file model-v1.csv (CSV, C-alpha atoms and all ligand atoms)
chain,number,residue,atom,x,y,z
A,1,MET,CA,-215.9,-157.3,46.7
A,2,SER,CA,-215.9,-153.9,44.9
A,3,ALA,CA,-217.4,-150.8,46.4
A,4,PHE,CA,-219.4,-148.2,44.6
A,5,ALA,CA,-218.3,-144.5,44.6
A,6,PHE,CA,-221.8,-143.7,45.8
A,7,PRO,CA,-225.0,-145.8,46.5
A,8,PRO,CA,-226.2,-147.3,43.2
A,9,PRO,CA,-229.6,-146.1,41.9
A,10,PRO,CA,-232.7,-148.2,42.8
A,11,GLN,CA,-233.7,-151.0,40.3
A,12,PRO,CA,-236.7,-149.8,38.3
A,13,SER,CA,-239.6,-152.2,38.4
A,14,VAL,CA,-243.2,-152.8,37.5
A,15,ALA,CA,-246.0,-154.5,39.4
A,16,VAL,CA,-247.1,-158.0,38.5
A,17,ALA,CA,-250.8,-158.8,38.6
A,18,GLY,CA,-251.7,-161.3,41.3
A,19,SER,CA,-248.2,-161.3,42.8
A,20,SER,CA,-246.2,-159.3,45.4
A,21,ALA,CA,-243.0,-160.0,43.3
A,22,ARG,CA,-242.1,-157.1,41.0
A,23,PHE,CA,-240.8,-157.3,37.4
A,24,PRO,CA,-237.2,-155.8,37.3
A,25,VAL,CA,-236.8,-153.6,34.2
A,26,HIS,CA,-233.7,-154.0,32.2
A,27,ARG,CA,-234.4,-151.9,29.0
A,28,ILE,CA,-237.4,-150.3,27.4
A,29,TYR,CA,-237.7,-150.8,23.7
A,30,CYS,CA,-240.4,-149.0,21.7
A,31,ILE,CA,-241.9,-149.6,18.2
A,32,GLY,CA,-243.3,-146.6,16.3
A,33,LEU,CA,-245.7,-146.5,13.4
A,34,ASN,CA,-247.2,-149.9,14.0
A,35,TYR,CA,-250.9,-149.1,13.3
A,36,ALA,CA,-251.9,-148.1,9.8
A,37,ASP,CA,-254.4,-145.4,11.0
A,38,HIS,CA,-251.7,-143.8,13.1
A,39,VAL,CA,-249.2,-143.8,10.3
A,40,ARG,CA,-251.8,-142.1,8.1
A,41,GLU,CA,-252.4,-139.4,10.8
A,42,PHE,CA,-248.8,-138.5,10.4
A,43,GLY,CA,-249.4,-138.1,6.7
A,44,ARG,CA,-247.4,-141.2,5.7
A,45,ASP,CA,-248.2,-144.3,3.7
A,46,PRO,CA,-248.3,-147.5,5.9
A,47,ALA,CA,-247.0,-149.5,2.9
A,48,ARG,CA,-243.9,-147.3,2.7
A,49,ALA,CA,-243.3,-146.5,6.4
A,50,PRO,CA,-242.1,-149.7,8.1
A,51,PRO,CA,-242.2,-149.6,12.0
A,52,VAL,CA,-239.3,-147.9,13.6
A,53,PHE,CA,-237.4,-148.6,16.9
A,54,PHE,CA,-236.4,-146.3,19.7
A,55,MET,CA,-235.7,-146.6,23.4
A,56,LYS,CA,-236.6,-145.1,26.8
A,57,PRO,CA,-234.4,-145.3,29.9
A,58,ALA,CA,-235.5,-148.0,32.3
A,59,ASP,CA,-236.0,-145.5,35.1
A,60,ALA,CA,-238.7,-143.7,33.0
A,61,VAL,CA,-241.3,-146.2,34.2
A,62,VAL,CA,-244.2,-144.7,36.2
A,63,GLU,CA,-246.4,-146.7,38.6
A,64,ASN,CA,-250.1,-147.2,37.8
A,65,GLY,CA,-252.0,-144.5,39.7
A,66,ALA,CA,-249.1,-142.2,40.1
A,67,ALA,CA,-249.1,-138.5,39.0
A,68,VAL,CA,-246.9,-137.7,36.0
A,69,PRO,CA,-245.3,-134.2,36.3
A,70,TYR,CA,-245.7,-132.1,33.1
A,71,PRO,CA,-242.3,-132.4,31.5
A,72,PRO,CA,-239.9,-129.5,30.8
A,73,ALA,CA,-239.1,-128.2,27.3
A,74,THR,CA,-242.4,-128.9,25.7
A,75,ALA,CA,-245.7,-127.1,24.9
A,76,ASN,CA,-247.2,-130.2,23.1
A,77,PHE,CA,-247.2,-133.2,25.5
A,78,HIS,CA,-249.0,-136.2,24.1
A,79,TYR,CA,-250.4,-139.6,25.3
A,80,GLU,CA,-250.0,-142.8,23.3
A,81,ILE,CA,-251.7,-145.9,24.7
A,82,GLU,CA,-249.8,-149.2,23.8
A,83,LEU,CA,-249.6,-152.9,24.5
A,84,VAL,CA,-246.4,-153.6,26.4
A,85,VAL,CA,-244.7,-157.0,26.2
A,86,ALA,CA,-242.5,-158.0,29.2
A,87,LEU,CA,-239.7,-160.5,28.6
A,88,ALA,CA,-238.8,-163.3,31.0
A,89,ARG,CA,-236.0,-164.7,28.7
A,90,GLY,CA,-233.6,-163.1,26.3
A,91,GLY,CA,-231.9,-164.1,23.1
A,92,ARG,CA,-230.3,-163.1,19.8
A,93,ASP,CA,-231.7,-163.8,16.3
A,94,VAL,CA,-234.9,-165.3,17.8
A,95,ALA,CA,-237.1,-166.9,15.2
A,96,ALA,CA,-240.7,-165.5,15.1
A,97,GLN,CA,-242.1,-169.0,15.8
A,98,ASP,CA,-240.0,-169.1,19.0
A,99,ALA,CA,-240.6,-165.5,20.1
A,100,LEU,CA,-243.6,-166.0,22.4
A,101,GLY,CA,-241.5,-168.4,24.5
A,102,LEU,CA,-239.6,-165.3,25.7
A,103,VAL,CA,-242.6,-163.5,27.0
A,104,PHE,CA,-243.2,-163.1,30.8
A,105,GLY,CA,-246.5,-161.2,30.4
A,106,TYR,CA,-248.4,-158.2,29.0
A,107,ALA,CA,-249.4,-154.8,30.3
A,108,ALA,CA,-251.0,-151.5,29.2
A,109,GLY,CA,-248.5,-148.7,28.8
A,110,ASN,CA,-248.4,-145.0,27.8
A,111,ASP,CA,-245.6,-143.9,25.5
A,112,LEU,CA,-245.6,-140.2,26.6
A,113,THR,CA,-244.1,-137.9,24.0
A,114,ARG,CA,-242.9,-134.4,23.7
A,115,ARG,CA,-244.5,-134.1,20.2
A,116,ASP,CA,-243.0,-130.7,19.4
A,117,LEU,CA,-239.5,-132.0,20.0
A,118,GLN,CA,-240.3,-135.1,17.9
A,119,SER,CA,-241.6,-133.0,15.0
A,120,ALA,CA,-238.5,-130.8,15.1
A,121,ALA,CA,-236.2,-133.9,15.2
A,122,LYS,CA,-238.0,-135.4,12.2
A,123,GLU,CA,-237.6,-132.2,10.3
A,124,ARG,CA,-233.9,-131.9,11.0
A,125,GLY,CA,-233.2,-135.6,10.6
A,126,GLU,CA,-232.1,-135.7,14.3
A,127,PRO,CA,-232.6,-138.5,16.9
A,128,TRP,CA,-235.9,-138.8,18.8
A,129,ASP,CA,-234.3,-139.3,22.2
A,130,THR,CA,-235.3,-136.0,23.8
A,131,SER,CA,-238.9,-136.4,22.5
A,132,LYS,CA,-239.3,-140.0,23.8
A,133,GLY,CA,-236.7,-140.9,26.4
A,134,PHE,CA,-237.3,-138.4,29.2
A,135,ASP,CA,-238.1,-138.7,32.9
A,136,PHE,CA,-241.6,-140.1,33.8
A,137,SER,CA,-242.3,-140.9,30.1
A,138,ALA,CA,-243.3,-144.6,30.5
A,139,PRO,CA,-246.3,-145.3,32.8
A,140,VAL,CA,-247.0,-149.1,32.8
A,141,GLY,CA,-249.8,-151.0,34.5
A,142,ALA,CA,-249.4,-154.3,36.3
A,143,ILE,CA,-248.1,-157.1,34.1
A,144,ARG,CA,-250.4,-160.0,33.5
A,145,PRO,CA,-248.3,-163.2,33.3
A,146,VAL,CA,-248.6,-165.4,30.3
A,147,SER,CA,-250.3,-168.1,32.4
A,148,ALA,CA,-253.4,-166.1,31.7
A,149,GLY,CA,-252.7,-166.3,27.9
A,150,HIS,CA,-251.0,-164.3,25.2
A,151,VAL,CA,-252.5,-161.1,23.8
A,152,THR,CA,-253.2,-161.3,20.1
A,153,SER,CA,-256.4,-159.3,19.8
A,154,GLY,CA,-258.7,-157.2,22.0
A,155,ARG,CA,-259.7,-153.6,22.4
A,156,ILE,CA,-257.0,-151.0,23.0
A,157,TRP,CA,-258.3,-147.5,24.1
A,158,LEU,CA,-257.4,-144.3,26.0
A,159,SER,CA,-259.6,-141.6,27.5
A,160,VAL,CA,-258.8,-138.1,28.7
A,161,ASN,CA,-261.1,-136.8,31.4
A,162,GLY,CA,-263.6,-139.5,30.5
A,163,GLY,CA,-263.7,-138.8,26.7
A,164,VAL,CA,-262.4,-141.6,24.5
A,165,ARG,CA,-259.6,-140.4,22.2
A,166,GLN,CA,-258.0,-143.6,21.0
A,167,GLU,CA,-259.8,-146.9,20.2
A,168,SER,CA,-258.6,-149.8,18.1
A,169,ASP,CA,-257.8,-153.5,18.3
A,170,ILE,CA,-254.5,-155.2,19.0
A,171,ARG,CA,-255.0,-157.3,15.9
A,172,HIS,CA,-254.6,-154.1,13.8
A,173,MET,CA,-250.9,-153.9,14.6
A,174,LEU,CA,-248.8,-154.0,11.4
A,175,TRP,CA,-246.1,-156.1,13.1
A,176,ASP,CA,-247.4,-158.6,15.6
A,177,VAL,CA,-245.6,-159.5,18.9
A,178,PRO,CA,-243.6,-162.4,17.4
A,179,GLN,CA,-242.4,-160.3,14.5
A,180,ILE,CA,-241.4,-157.4,16.8
A,181,ILE,CA,-239.4,-159.7,19.1
A,182,ALA,CA,-237.7,-161.4,16.2
A,183,ALA,CA,-236.8,-158.0,14.6
A,184,LEU,CA,-235.5,-156.5,17.9
A,185,SER,CA,-233.4,-159.6,18.5
A,186,ARG,CA,-231.5,-159.0,15.3
A,187,LEU,CA,-230.6,-155.5,16.5
A,188,TYR,CA,-229.9,-156.2,20.2
A,189,GLU,CA,-229.4,-159.1,22.5
A,190,LEU,CA,-232.7,-159.2,24.4
A,191,ARG,CA,-232.6,-159.9,28.1
A,192,PRO,CA,-234.9,-160.9,30.9
A,193,GLY,CA,-236.5,-157.7,32.2
A,194,ASP,CA,-236.9,-156.0,28.8
A,195,LEU,CA,-240.1,-154.2,28.2
A,196,ILE,CA,-241.3,-153.6,24.6
A,197,PHE,CA,-243.9,-150.9,23.8
A,198,THR,CA,-245.6,-152.1,20.6
A,199,GLY,CA,-247.0,-148.8,19.1
A,200,THR,CA,-250.1,-146.7,19.3
A,201,PRO,CA,-253.3,-146.5,17.2
A,202,ALA,CA,-254.7,-143.2,15.8
A,203,GLY,CA,-256.1,-140.4,18.0
A,204,ILE,CA,-253.0,-139.0,19.6
A,205,GLY,CA,-253.4,-135.6,21.2
A,206,ALA,CA,-252.1,-133.1,23.8
A,207,ILE,CA,-252.6,-133.2,27.6
A,208,LYS,CA,-252.1,-130.6,30.3
A,209,PRO,CA,-251.8,-130.5,34.1
A,210,GLY,CA,-255.0,-131.6,35.8
A,211,ASP,CA,-255.9,-134.1,33.0
A,212,ILE,CA,-256.9,-137.6,34.0
A,213,LEU,CA,-255.7,-140.3,31.6
A,214,GLU,CA,-257.2,-143.8,31.6
A,215,GLY,CA,-256.2,-146.4,29.1
A,216,GLY,CA,-256.1,-150.1,28.6
A,217,VAL,CA,-256.0,-153.3,26.6
A,218,GLU,CA,-258.8,-155.7,27.0
A,219,GLY,CA,-258.1,-158.3,29.8
A,220,LEU,CA,-255.2,-156.2,31.3
A,221,GLU,CA,-255.2,-153.8,34.3
A,222,VAL,CA,-256.5,-150.4,33.4
A,223,LEU,CA,-253.8,-147.7,33.5
A,224,ARG,CA,-254.7,-144.5,35.3
A,225,ASN,CA,-252.5,-141.5,35.7
A,226,THR,CA,-253.1,-137.8,36.3
A,227,ILE,CA,-250.9,-135.0,34.8
A,228,ALA,CA,-249.4,-132.9,37.6
A,229,PRO,CA,-247.9,-129.4,37.3
A,230,ALA,CA,-244.3,-129.3,36.2
A,231,ALA,CA,-241.9,-130.6,38.8
A,232,ARG,CA,-239.7,-128.1,40.6
A,233,ALA,CA,-236.0,-128.4,40.3
A,234,GLU,CA,-234.5,-130.5,43.1
A,235,ALA,CA,-230.9,-130.9,44.2
A,236,THR,CA,-229.7,-134.5,43.8
B,1,MN,MN,-245.5,-144.9,20.6

call {"tool": "encode", "arguments": {"input": "model-v1.csv", "output": "structure tokens"}}
result
Amino acid sequence: MSAFAFPPPPQPSVAVAGSSARFPVHRIYCIGLNYADHVREFGRDPARAPPVFFMKPADAVVENGAAVPYPPATANFHYEIELVVALARGGRDVAAQDALGLVFGYAAGNDLTRRDLQSAAKERGEPWDTSKGFDFSAPVGAIRPVSAGHVTSGRIWLSVNGGVRQESDIRHMLWDVPQIIAALSRLYELRPGDLIFTGTPAGIGAIKPGDILEGGVEGLEVLRNTIAPAARAEAT
């Protein structure tokens, strides 16, 4: 048996509704620009702006109910409520008609974004990593297993301090879940434990310490997180 040079980091995981077993996270894939009204709020034409892919680190997941520390290096921190797909099985070149067979379940998630860094990256043609893939950037509610059904429609919404900011329906996604899984599987070998954030509708906006975020997708656990003051530096 081989030894590690130091103790390996803990396995990131997400709660599963109705179970004490947790979902072990392998990778977090994200889809951007997947609702026409959100594409338009960026001043782009949905017909000419196909969805884009990016990633977050697995250990960016945040438990439902936990406080999210205001991140460093931003003055424009945004929420984005999204349907999250959790995979029980992987594959490459998965056909759209087979894609739902990979799904473990569904959850509500928040694709937290340092919007100022994203805008600067877009202007300069640079990667989005620092704007999307930072610590505590992926709150996810409990995953509802597919035994309760697939999510193909239903209200998706987010409120800040009780005021609704985002409201749409899952059926308005430009690419549906089977299309997303098929497309991702042509770029990567998908694995059990992968999470896929499927894009946010219009109404994005800034949040600050003390704000209370609530968001959800009809039929799934409501995701609640507060924004805490910036974390202090810690030796690790
Ligand atoms: Mn997003």

call {"tool": "residues_around", "arguments": {"input": "model-v1.csv", "residues": "Pro71 in chain A", "least_positions_apart": "5", "cutoff": "9 Å", "atoms": "all atoms listed in the file", "output": "list of chain:residue names"}}
result
A:Phe77, A:Arg114, A:Phe134, A:Asp135, A:Phe136, A:Ser137, A:Pro229, A:Ala230, A:Ala231

call {"tool": "residues_near_ligand", "arguments": {"input": "model-v1.csv", "ligand": "ligand MN 1 (chain B)", "cutoff": "12 Å", "atoms": "only C-alpha atoms and all ligand atoms", "output": "number ranges by chain"}}
result
A: 28-35, 38-39, 51-56, 78-84, 109-115, 118, 128, 131-133, 137-138, 196-204

call {"tool": "residues_around", "arguments": {"input": "model-v1.csv", "residues": "Ala182 in chain A", "least_positions_apart": "2", "cutoff": "7 Å", "atoms": "all atoms listed in the file", "output": "PDB file with C-alpha atoms, in the coordinates of the input"}}
result
ATOM      1  CA  ASP A  93    -231.700-163.800  16.300  1.00  0.00           C
ATOM      2  CA  VAL A  94    -234.900-165.300  17.800  1.00  0.00           C
ATOM      3  CA  ALA A  95    -237.100-166.900  15.200  1.00  0.00           C
ATOM      4  CA  ALA A  96    -240.700-165.500  15.100  1.00  0.00           C
ATOM      5  CA  ALA A  99    -240.600-165.500  20.100  1.00  0.00           C
ATOM      6  CA  PRO A 178    -243.600-162.400  17.400  1.00  0.00           C
ATOM      7  CA  GLN A 179    -242.400-160.300  14.500  1.00  0.00           C
ATOM      8  CA  ILE A 180    -241.400-157.400  16.800  1.00  0.00           C
ATOM      9  CA  LEU A 184    -235.500-156.500  17.900  1.00  0.00           C
ATOM     10  CA  SER A 185    -233.400-159.600  18.500  1.00  0.00           C
ATOM     11  CA  ARG A 186    -231.500-159.000  15.300  1.00  0.00           C
TER      12      ARG A 186
END

call {"tool": "residues_around", "arguments": {"input": "model-v1.csv", "residues": "Ala228 in chain A", "least_positions_apart": "2", "cutoff": "6 Å", "atoms": "all atoms listed in the file", "output": "ChimeraX atom specification"}}
result
/A:67-70,209

call {"tool": "closest_residue", "arguments": {"input": "model-v1.csv", "among": "A:Leu158, A:Ala15, A:Ala21, A:Ala47", "to": "Val61 in chain A", "atoms": "all atoms listed in the file"}}
result
A:Ala15

call {"tool": "atom_distance", "arguments": {"input": "model-v1.csv", "atom1": "CA of Glu123 in chain A", "atom2": "CA of Asp176 in chain A"}}
result
28.7 Å

call {"tool": "residues_near_point", "arguments": {"input": "model-v1.csv", "point": "(-253.0, -131.4, 19.7)", "cutoff": "7 Å", "atoms": "only C-alpha atoms", "output": "PyMOL selection string"}}
result
chain A and resi 76+205-206

call {"tool": "closest_atom_pairs", "arguments": {"input": "model-v1.csv", "of": "range 14-88 of chain A", "to": "range 216-226 of chain A", "cutoff": "6 Å", "atoms": "only C-alpha atoms", "output": "CSV"}}
result
residue,atom,partner,partner_atom,distance
A:Asn64,CA,A:Leu223,CA,5.7
A:Gly65,CA,A:Asn225,CA,5.0
A:Ala66,CA,A:Asn225,CA,5.6
A:Ala67,CA,A:Thr226,CA,4.9

call {"tool": "atom_distance", "arguments": {"input": "model-v1.csv", "atom1": "CA of Ala88 in chain A", "atom2": "CA of Thr152 in chain A"}}
result
18.2 Å

call {"tool": "atom_distance", "arguments": {"input": "model-v1.csv", "atom1": "CA of Glu189 in chain A", "atom2": "CA of Ala5 in chain A"}}
result
28.7 Å

call {"tool": "closest_residue", "arguments": {"input": "model-v1.csv", "among": "A:Gly101, A:Gly163, A:Pro12, A:Pro50", "to": "Ile181 in chain A", "atoms": "all atoms listed in the file"}}
result
A:Gly101

call {"tool": "closest_residue", "arguments": {"input": "model-v1.csv", "among": "A:Val146, A:Val62, A:Ala183, A:Val140", "to": "Gly215 in chain A", "atoms": "only C-alpha atoms"}}
result
A:Val140

call {"tool": "closest_residue", "arguments": {"input": "model-v1.csv", "among": "A:Pro46, A:Pro10, A:Pro24, A:Gly141", "to": "Ala107 in chain A", "atoms": "only C-alpha atoms"}}
result
A:Gly141

call {"tool": "closest_residue", "arguments": {"input": "model-v1.csv", "among": "A:Leu190, A:Val164, A:Val151, A:Ala142", "to": "Gly18 in chain A", "atoms": "all atoms listed in the file"}}
result
A:Ala142

call {"tool": "residues_around", "arguments": {"input": "model-v1.csv", "residues": "Gln11 in chain A", "least_positions_apart": "4", "cutoff": "9 Å", "atoms": "only C-alpha atoms", "output": "MDAnalysis selection string"}}
result
chainID A and resid 24:26 58:59

call {"tool": "closest_residue", "arguments": {"input": "model-v1.csv", "among": "A:Arg165, A:His150, A:Arg40, A:Arg191", "to": "Leu100 in chain A", "atoms": "only C-alpha atoms"}}
result
A:His150

call {"tool": "decode", "arguments": {"input": "model-v1.csv", "residues": "range 158-197 of chain A", "atoms": "N, CA and C atoms", "output": "PDB file, in the first residue's frame"}}
result
ATOM      1  N   LEU A 158     -35.488  32.633  -7.094  1.00  0.00           N
ATOM      2  CA  LEU A 158     -34.545  33.005  -6.040  1.00  0.00           C
ATOM      3  C   LEU A 158     -34.997  34.316  -5.419  1.00  0.00           C
ATOM      4  N   SER A 159     -34.903  34.394  -4.091  1.00  0.00           N
ATOM      5  CA  SER A 159     -35.203  35.652  -3.404  1.00  0.00           C
ATOM      6  C   SER A 159     -34.010  36.083  -2.565  1.00  0.00           C
ATOM      7  N   VAL A 160     -33.872  37.413  -2.410  1.00  0.00           N
ATOM      8  CA  VAL A 160     -32.869  37.999  -1.532  1.00  0.00           C
ATOM      9  C   VAL A 160     -33.620  38.777  -0.459  1.00  0.00           C
ATOM     10  N   ASN A 161     -33.412  38.402   0.805  1.00  0.00           N
ATOM     11  CA  ASN A 161     -34.103  39.042   1.935  1.00  0.00           C
ATOM     12  C   ASN A 161     -35.612  39.070   1.717  1.00  0.00           C
ATOM     13  N   GLY A 162     -36.141  38.009   1.106  1.00  0.00           N
ATOM     14  CA  GLY A 162     -37.588  37.861   0.932  1.00  0.00           C
ATOM     15  C   GLY A 162     -38.137  38.455  -0.359  1.00  0.00           C
ATOM     16  N   GLY A 163     -37.346  39.207  -1.095  1.00  0.00           N
ATOM     17  CA  GLY A 163     -37.821  39.800  -2.349  1.00  0.00           C
ATOM     18  C   GLY A 163     -37.410  38.944  -3.541  1.00  0.00           C
ATOM     19  N   VAL A 164     -38.397  38.523  -4.354  1.00  0.00           N
ATOM     20  CA  VAL A 164     -38.094  37.615  -5.472  1.00  0.00           C
ATOM     21  C   VAL A 164     -37.315  38.358  -6.557  1.00  0.00           C
ATOM     22  N   ARG A 165     -36.166  37.803  -6.951  1.00  0.00           N
ATOM     23  CA  ARG A 165     -35.303  38.429  -7.966  1.00  0.00           C
ATOM     24  C   ARG A 165     -35.254  37.619  -9.260  1.00  0.00           C
ATOM     25  N   GLN A 166     -35.384  36.313  -9.146  1.00  0.00           N
ATOM     26  CA  GLN A 166     -35.349  35.450 -10.324  1.00  0.00           C
ATOM     27  C   GLN A 166     -36.573  34.554 -10.284  1.00  0.00           C
ATOM     28  N   GLU A 167     -37.230  34.402 -11.426  1.00  0.00           N
ATOM     29  CA  GLU A 167     -38.403  33.535 -11.493  1.00  0.00           C
ATOM     30  C   GLU A 167     -38.600  33.109 -12.939  1.00  0.00           C
ATOM     31  N   SER A 168     -38.598  31.798 -13.163  1.00  0.00           N
ATOM     32  CA  SER A 168     -38.787  31.279 -14.515  1.00  0.00           C
ATOM     33  C   SER A 168     -39.303  29.852 -14.395  1.00  0.00           C
ATOM     34  N   ASP A 169     -39.168  29.097 -15.459  1.00  0.00           N
ATOM     35  CA  ASP A 169     -39.592  27.699 -15.455  1.00  0.00           C
ATOM     36  C   ASP A 169     -38.495  26.873 -16.123  1.00  0.00           C
ATOM     37  N   ILE A 170     -38.252  25.697 -15.564  1.00  0.00           N
ATOM     38  CA  ILE A 170     -37.216  24.804 -16.094  1.00  0.00           C
ATOM     39  C   ILE A 170     -37.423  24.527 -17.593  1.00  0.00           C
ATOM     40  N   ARG A 171     -38.686  24.548 -18.047  1.00  0.00           N
ATOM     41  CA  ARG A 171     -38.899  24.207 -19.458  1.00  0.00           C
ATOM     42  C   ARG A 171     -38.399  25.304 -20.400  1.00  0.00           C
ATOM     43  N   HIS A 172     -37.976  26.461 -19.847  1.00  0.00           N
ATOM     44  CA  HIS A 172     -37.418  27.520 -20.701  1.00  0.00           C
ATOM     45  C   HIS A 172     -35.918  27.356 -20.953  1.00  0.00           C
ATOM     46  N   MET A 173     -35.304  26.287 -20.438  1.00  0.00           N
ATOM     47  CA  MET A 173     -33.887  26.076 -20.723  1.00  0.00           C
ATOM     48  C   MET A 173     -33.703  25.886 -22.228  1.00  0.00           C
ATOM     49  N   LEU A 174     -32.663  26.501 -22.793  1.00  0.00           N
ATOM     50  CA  LEU A 174     -32.420  26.371 -24.242  1.00  0.00           C
ATOM     51  C   LEU A 174     -31.997  24.936 -24.565  1.00  0.00           C
ATOM     52  N   TRP A 175     -31.069  24.394 -23.754  1.00  0.00           N
ATOM     53  CA  TRP A 175     -30.685  22.978 -23.865  1.00  0.00           C
ATOM     54  C   TRP A 175     -31.301  22.265 -22.674  1.00  0.00           C
ATOM     55  N   ASP A 176     -32.047  21.186 -22.926  1.00  0.00           N
ATOM     56  CA  ASP A 176     -32.620  20.436 -21.814  1.00  0.00           C
ATOM     57  C   ASP A 176     -31.567  19.477 -21.239  1.00  0.00           C
ATOM     58  N   VAL A 177     -31.927  18.782 -20.159  1.00  0.00           N
ATOM     59  CA  VAL A 177     -30.941  17.950 -19.452  1.00  0.00           C
ATOM     60  C   VAL A 177     -30.332  16.879 -20.374  1.00  0.00           C
ATOM     61  N   PRO A 178     -31.121  16.139 -21.179  1.00  0.00           N
ATOM     62  CA  PRO A 178     -30.486  15.150 -22.063  1.00  0.00           C
ATOM     63  C   PRO A 178     -29.498  15.767 -23.058  1.00  0.00           C
ATOM     64  N   GLN A 179     -29.836  16.923 -23.613  1.00  0.00           N
ATOM     65  CA  GLN A 179     -28.917  17.595 -24.547  1.00  0.00           C
ATOM     66  C   GLN A 179     -27.620  17.998 -23.859  1.00  0.00           C
ATOM     67  N   ILE A 180     -27.752  18.506 -22.608  1.00  0.00           N
ATOM     68  CA  ILE A 180     -26.569  18.945 -21.855  1.00  0.00           C
ATOM     69  C   ILE A 180     -25.649  17.760 -21.577  1.00  0.00           C
ATOM     70  N   ILE A 181     -26.230  16.648 -21.092  1.00  0.00           N
ATOM     71  CA  ILE A 181     -25.411  15.463 -20.770  1.00  0.00           C
ATOM     72  C   ILE A 181     -24.734  14.942 -22.037  1.00  0.00           C
ATOM     73  N   ALA A 182     -25.475  14.884 -23.142  1.00  0.00           N
ATOM     74  CA  ALA A 182     -24.900  14.393 -24.395  1.00  0.00           C
ATOM     75  C   ALA A 182     -23.740  15.282 -24.833  1.00  0.00           C
ATOM     76  N   ALA A 183     -23.932  16.602 -24.765  1.00  0.00           N
ATOM     77  CA  ALA A 183     -22.885  17.532 -25.206  1.00  0.00           C
ATOM     78  C   ALA A 183     -21.649  17.440 -24.308  1.00  0.00           C
ATOM     79  N   LEU A 184     -21.855  17.395 -22.982  1.00  0.00           N
ATOM     80  CA  LEU A 184     -20.715  17.298 -22.055  1.00  0.00           C
ATOM     81  C   LEU A 184     -19.931  16.017 -22.288  1.00  0.00           C
ATOM     82  N   SER A 185     -20.666  14.928 -22.592  1.00  0.00           N
ATOM     83  CA  SER A 185     -20.004  13.624 -22.735  1.00  0.00           C
ATOM     84  C   SER A 185     -19.187  13.527 -24.019  1.00  0.00           C
ATOM     85  N   ARG A 186     -19.324  14.514 -24.895  1.00  0.00           N
ATOM     86  CA  ARG A 186     -18.457  14.576 -26.080  1.00  0.00           C
ATOM     87  C   ARG A 186     -17.172  15.344 -25.791  1.00  0.00           C
ATOM     88  N   LEU A 187     -17.167  16.070 -24.647  1.00  0.00           N
ATOM     89  CA  LEU A 187     -15.994  16.850 -24.248  1.00  0.00           C
ATOM     90  C   LEU A 187     -15.185  16.166 -23.153  1.00  0.00           C
ATOM     91  N   TYR A 188     -15.881  15.394 -22.290  1.00  0.00           N
ATOM     92  CA  TYR A 188     -15.262  14.767 -21.124  1.00  0.00           C
ATOM     93  C   TYR A 188     -15.848  13.379 -20.953  1.00  0.00           C
ATOM     94  N   GLU A 189     -15.095  12.492 -20.289  1.00  0.00           N
ATOM     95  CA  GLU A 189     -15.722  11.251 -19.844  1.00  0.00           C
ATOM     96  C   GLU A 189     -16.445  11.552 -18.543  1.00  0.00           C
ATOM     97  N   LEU A 190     -17.754  11.464 -18.567  1.00  0.00           N
ATOM     98  CA  LEU A 190     -18.547  11.723 -17.365  1.00  0.00           C
ATOM     99  C   LEU A 190     -18.376  10.562 -16.391  1.00  0.00           C
ATOM    100  N   ARG A 191     -18.512  10.858 -15.091  1.00  0.00           N
ATOM    101  CA  ARG A 191     -18.274   9.871 -14.042  1.00  0.00           C
ATOM    102  C   ARG A 191     -19.379   9.920 -12.992  1.00  0.00           C
ATOM    103  N   PRO A 192     -19.610   8.807 -12.292  1.00  0.00           N
ATOM    104  CA  PRO A 192     -20.490   8.871 -11.131  1.00  0.00           C
ATOM    105  C   PRO A 192     -19.949   9.930 -10.172  1.00  0.00           C
ATOM    106  N   GLY A 193     -20.841  10.742  -9.610  1.00  0.00           N
ATOM    107  CA  GLY A 193     -20.403  11.809  -8.704  1.00  0.00           C
ATOM    108  C   GLY A 193     -20.301  13.165  -9.374  1.00  0.00           C
ATOM    109  N   ASP A 194     -20.473  13.221 -10.683  1.00  0.00           N
ATOM    110  CA  ASP A 194     -20.450  14.528 -11.349  1.00  0.00           C
ATOM    111  C   ASP A 194     -21.741  15.287 -11.059  1.00  0.00           C
ATOM    112  N   LEU A 195     -21.585  16.601 -10.834  1.00  0.00           N
ATOM    113  CA  LEU A 195     -22.724  17.514 -10.716  1.00  0.00           C
ATOM    114  C   LEU A 195     -22.711  18.424 -11.935  1.00  0.00           C
ATOM    115  N   ILE A 196     -23.898  18.744 -12.440  1.00  0.00           N
ATOM    116  CA  ILE A 196     -24.002  19.646 -13.594  1.00  0.00           C
ATOM    117  C   ILE A 196     -24.961  20.777 -13.252  1.00  0.00           C
ATOM    118  N   PHE A 197     -24.442  22.013 -13.186  1.00  0.00           N
ATOM    119  CA  PHE A 197     -25.275  23.202 -13.027  1.00  0.00           C
ATOM    120  C   PHE A 197     -25.777  23.577 -14.423  1.00  0.00           C
TER     121      PHE A 197
END
